[in-house]
Each structure stands twice: as C-alpha cells, then as structure tokens.
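Structure first, then comments.
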Amino acid sequence: MPEHDLHRVGRVAWRQVDTGAGTVSYGAVGQGPLVVFLHGWGLTPRSYTHALRQVAAHGRRVFAPALPGFGGTAELPPGERSFVGYAHWLERFLDSIGIDEPVTIVGHSFGGGVAIAAAHEFSSRVSQLVLVNAVGGGAWSTDDNGARPIHERPLWKWGAAAVGEAFAVRSVLGMTATIADCAISNVLGNPGAFWRVGHLARTADFTAELEQLVLRRVPIALLWGLDDRIIPEASFQSMRSVLTDSPVITVPGAHSWLIDDPERFGTAMKTAFDKCPQEVLA
C-alpha cells in the first residue's frame with residue numbers, strides 16, 4: 001500500500017466506551033463501510049495497529065475493541081463466559097458506539113470464534129464474515145493417527161505452539177507492542193481470563209454454526225497463513241470442507257502473519273472485500 005494512502009488514513013484513535021456492563025477499550029481508524037476487527041487470544045487491538053491502518057487504507061472505517069478480560073476491557077460475568085456470551089457482548093459494544101447497520105466482522109484466532117458466534121446469533125447485523133487463522137475447525141491431527149476431534153488436542157501441545165509463536169514473531173515497522181509483550185501484560189493483569197479464554201479457543205468447534213451461516217447465505221471469506229503452528233492444518237481443512245463456495249486466500253506466514261506483514265494483510269483483505277469467486281494466493 002503506497003505510503004501516501006496511509007498518511008491519508010491517519011493514526012488509530014484509541015478510545016473507551018461504557019456499555020452499561022463495563023468499559024470497553026477500542027481503536028478506530030479510517031472512513032467508509034464499517035469493519036469490526038476482533039483480536040486473538042492474549043493480545044489487544046494495539047498489537048494490530050499497522051494491520052488496521054492497512055485495512056482502512058482500502059476505504060474502510062475500522063473499529064477494533066479489546067475483548068473482555070484484555071486490554072482494559074472488563075471481563076464477562078461468570079455466567080456469560082462462552083462464545084455466545086462474547087457474541088452478545090459484541091452486540092452491546094456496537095449499540096454503545098452507535099452502530100446499527102450491518103458490518104463486516106473480521107476475526108483473528110480466538111476473535112474468529114467470537115466472529116462466528118456473533119454472526120450465528122445475529123446474522124442481520126453482519127454483512128460479511130472474514131476469518132483469519134480462526135479457531136473453530138472441528139479437527140486436529142497427529143502424524144500417526146490422522147484427524148481427531150479438536151477437543152482432544154492436548155493442552156501442552158497447544159500451549160507450546162502458542163508460546164513459541166508469541167516469542168518468535170515481532171511486528172514490522174518498529175512496533176513496540178509485540179505479541180510477547182501483550183501476552184505477558186494480559187497474563188499478569190488477569191491470569192484467570194487469559195487461561196479461560198485459552199481453553200475456549202483450544203476446544204472450539206464451529207462447523208455446525210458455519211453450516212448454518214452458509215445456509216443463511218452470509219458471505220464468508222477464509223484467510224490463512226500456511227505456516228500456522230497454533231491452529232492445526234486439519235482444523236483449517238475442516239473449515240474449508242464446510243465453506244465450499246467461499247473465497248479462500250492463503251498466504252505465507254505463521255499464525256499471526258497479519259501482524260508480521262500488515263501490507264500483505266491489507267492486500268488479502270481487499271481481495272476478501274471484493275468477494276473473489278475462487279481460491280487465490282495473496
């Protein structure tokens with residue numbers, strides 16, 4: 001994306017809003033059709049600052065809330081700590097910032113699970129769903145036993161991959177809020193939320209909900225970094241088997257490739273916005 005386009009977009013404005021059930025921290029940038037971006041497990045929207053600006057440079061108004069329990073946003077009450085609870089939290093957030101028209105929801109990792117749940121709970125408020133290395137596929141695999149249900153994936157295997165990713169990837173452009181920095185801050189600030197959300201992410205299976213969204217004709221695009229070590233390839237393939245007519249955009253990169261390569265993410269998102277009719281390589 002040309003540098004002058006990013007200058008025109010401007011910086012991400014960081015704000016807070018009271019939803020009536022707690023304060024939500026969020027970022028906003030750009031002008032145009034509305035996009036709501038949901039971040040991954042253990043992170044905050046600030047980790048994605050450059051990625052958000054790249055999306056805005058393609059003519060979108062982007063809102064990026066910190067999910068409950070992270071980045072200064074109040075945690076959900078105990079009875080609401082499920083993906084459905086997060087979906088209704090998102091609906092309250094949209095109401096609080098005055099959004100009553102359908103929006104594109106973009107979800108990365110755990111945020112992808114929240115995005116699917118939100119679209120399933122209130123499809124009329126979602127114009128498009130973009131899943132970026134999202135949780136929610138129904139399978140994981142081993143070298144010797146083939147595909148198995150995602151809830152059987154050992155905690156240690158998932159945790160080792162997540163920790164390795166956090167300390168291996170750093171954002172470009174000298175960004176100081178690295179994945180590791182945000183994860184450490186969140187685990188120290190609210191360790192309970194950190195691990196509860198991690199469990200939800202590790203065991204999420206949204207294949208049935210995705211099938212329903214396909215029947216409802218909700219436009220869905222799947223973006224995927226092919227070197228992901230956190231979300232198993234079997235989970236990705238499980239999603240693809242459901243989203244047979246949806247655009248699939250594959251890119252080189254690990255689980256958090258959009259942080260590491262925001263320009264590529266902007267290009268991939270432009271393709272998703274255009275609803276490409278077939279699988280492409282970004």
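Chain labels A, B, ... are given in the sequence in which chains occur in the structure tokens; within each chain residues are numbered consecutively from 1, and ligands are likewise numbered from 1 in the order shown.
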All residues 6 Å or closer to segment 30-46 of chain A, only C-alpha atoms, same chain fewer than 3 positions away omitted, as number ranges by chain: A: 9, 49, 56, 59-64, 66, 71, 103-111, 182-183
Among segment 32-100 of chain A, which ones does DSSP place in alpha helix (DSSP H), written as a VMD selection string? chain A and resid 49 to 56 83 to 96
Closest of A:Ser123, A:Asn133, A:Gln128, A:Gln16 to Phe93 of chain A - atom-to-atom distances counting only C-alpha atoms: A:Gln16
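The space between atom CA of Thr207 of chain A and atom CA of Ser238 of chain A spans 7.6 Å.
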With only C-alpha atoms as the atoms that count, which of A:Val17, A:Leu129, A:Leu6, A:Ala57 lies nearest to Leu94 of chain A? A:Val17
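Every residue of segment 41-74 of chain A with a DSSP assignment of strand (DSSP E or B), taken from the backbone, is listed as Arg61, Val62, Phe63, Ala64 and Pro65 of chain A.
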Those residues you just picked out, can you put them in a file as a short mmCIF file (atom, residue, chain, number, x, y, z; two decimals), in the first residue's frame with N, CA, C and O atoms?
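Wrote selection.cif, looks like this:
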data_model
loop_
_atom_site.label_atom_id
_atom_site.label_comp_id
_atom_site.auth_asym_id
_atom_site.auth_seq_id
_atom_site.Cartn_x
_atom_site.Cartn_y
_atom_site.Cartn_z
N ARG A 61 -13.92 2.00 7.42
CA ARG A 61 -13.91 2.54 8.78
C ARG A 61 -13.79 1.36 9.72
O ARG A 61 -14.70 0.52 9.78
N VAL A 62 -12.68 1.27 10.45
CA VAL A 62 -12.38 0.08 11.25
C VAL A 62 -12.52 0.39 12.73
O VAL A 62 -11.95 1.37 13.23
N PHE A 63 -13.25 -0.48 13.42
CA PHE A 63 -13.34 -0.43 14.88
C PHE A 63 -12.76 -1.73 15.43
O PHE A 63 -13.09 -2.81 14.95
N ALA A 64 -11.91 -1.61 16.45
CA ALA A 64 -11.22 -2.78 16.99
C ALA A 64 -11.29 -2.77 18.50
O ALA A 64 -10.45 -2.16 19.18
N PRO A 65 -12.29 -3.45 19.09
CA PRO A 65 -12.41 -3.46 20.54
C PRO A 65 -11.47 -4.46 21.19
O PRO A 65 -11.13 -5.50 20.62
#
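Relative to atom CA of Ala204 of chain A, atom CA of Asp260 of chain A is found at 25.0 Å.
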Leu90 of chain A: which residues within 10 Å, counting only C-alpha atoms, same-chain residues fewer than 5 positions away excluded, as a ChimeraX atom specification? /A:19,36,38,65,67-68,84-85,95-96,114-115,118
Can those selected residues be exported to a file as an mmCIF file, in the first residue's frame so that it contains C-alpha atoms?
data_model
loop_
_atom_site.group_PDB
_atom_site.id
_atom_site.type_symbol
_atom_site.label_atom_id
_atom_site.label_comp_id
_atom_site.auth_asym_id
_atom_site.auth_seq_id
_atom_site.Cartn_x
_atom_site.Cartn_y
_atom_site.Cartn_z
ATOM 1 C CA THR A 19 -21.620 -0.356 27.508
ATOM 2 C CA VAL A 36 -15.195 -4.581 13.219
ATOM 3 C CA LEU A 38 -11.629 -8.907 16.752
ATOM 4 C CA PRO A 65 -12.413 -3.464 20.541
ATOM 5 C CA LEU A 67 -12.187 -8.325 24.077
ATOM 6 C CA PRO A 68 -13.419 -8.873 27.662
ATOM 7 C CA VAL A 84 -22.346 -16.903 22.865
ATOM 8 C CA GLY A 85 -21.634 -14.586 25.792
ATOM 9 C CA ASP A 95 -25.002 -0.455 20.264
ATOM 10 C CA SER A 96 -22.823 1.637 22.591
ATOM 11 C CA VAL A 114 -16.271 -14.766 18.528
ATOM 12 C CA ALA A 115 -16.991 -13.531 14.998
ATOM 13 C CA ALA A 118 -21.777 -13.279 16.637
#
Pick out the residues sitting within 10 Å of Leu76 of chain A, and hand them over as a list of chain:residue names; count only C-alpha atoms, and ignore anything fewer than 6 positions along from it in its own chain. A:Ala21, A:Gly22, A:Leu67, A:Pro68, A:Gly69, A:Ser82, A:Gly85, A:Tyr86, A:Trp89, A:Ala193
Can you list, as a CSV table (one decimal) with N, CA, C and O atoms, in the first residue's frame, every protein, DNA or RNA residue that comes within 7 Å of segment 213-218 of chain A when you count only C-alpha atoms, leaving out same-chain residues fewer than 2 positions away?
chain,number,residue,atom,x,y,z
A,120,HIS,N,-23.7,-16.0,13.9
A,120,HIS,CA,-24.7,-17.0,14.1
A,120,HIS,C,-25.8,-16.5,15.0
A,120,HIS,O,-27.0,-16.8,14.7
A,128,GLN,N,-20.7,-9.3,6.2
A,128,GLN,CA,-19.7,-10.2,5.7
A,128,GLN,C,-18.9,-10.7,6.9
A,128,GLN,O,-18.7,-10.0,7.9
A,209,GLU,N,-22.2,-24.3,13.3
A,209,GLU,CA,-22.6,-22.9,13.1
A,209,GLU,C,-22.2,-22.4,11.7
A,209,GLU,O,-23.0,-21.6,11.1
A,210,LEU,N,-21.1,-22.8,11.2
A,210,LEU,CA,-20.7,-22.4,9.8
A,210,LEU,C,-21.6,-22.9,8.8
A,210,LEU,O,-22.0,-22.3,7.8
A,211,GLU,N,-22.1,-24.2,9.0
A,211,GLU,CA,-23.0,-24.8,8.1
A,211,GLU,C,-24.3,-23.9,8.0
A,211,GLU,O,-24.9,-23.7,7.0
A,220,ILE,N,-18.8,-15.3,3.5
A,220,ILE,CA,-17.7,-15.7,4.4
A,220,ILE,C,-16.4,-15.8,3.6
A,220,ILE,O,-16.5,-16.5,2.5
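Take atom CA of Gln54 of chain A and atom CA of Pro262 of chain A: the distance between them is 6.5 Å.
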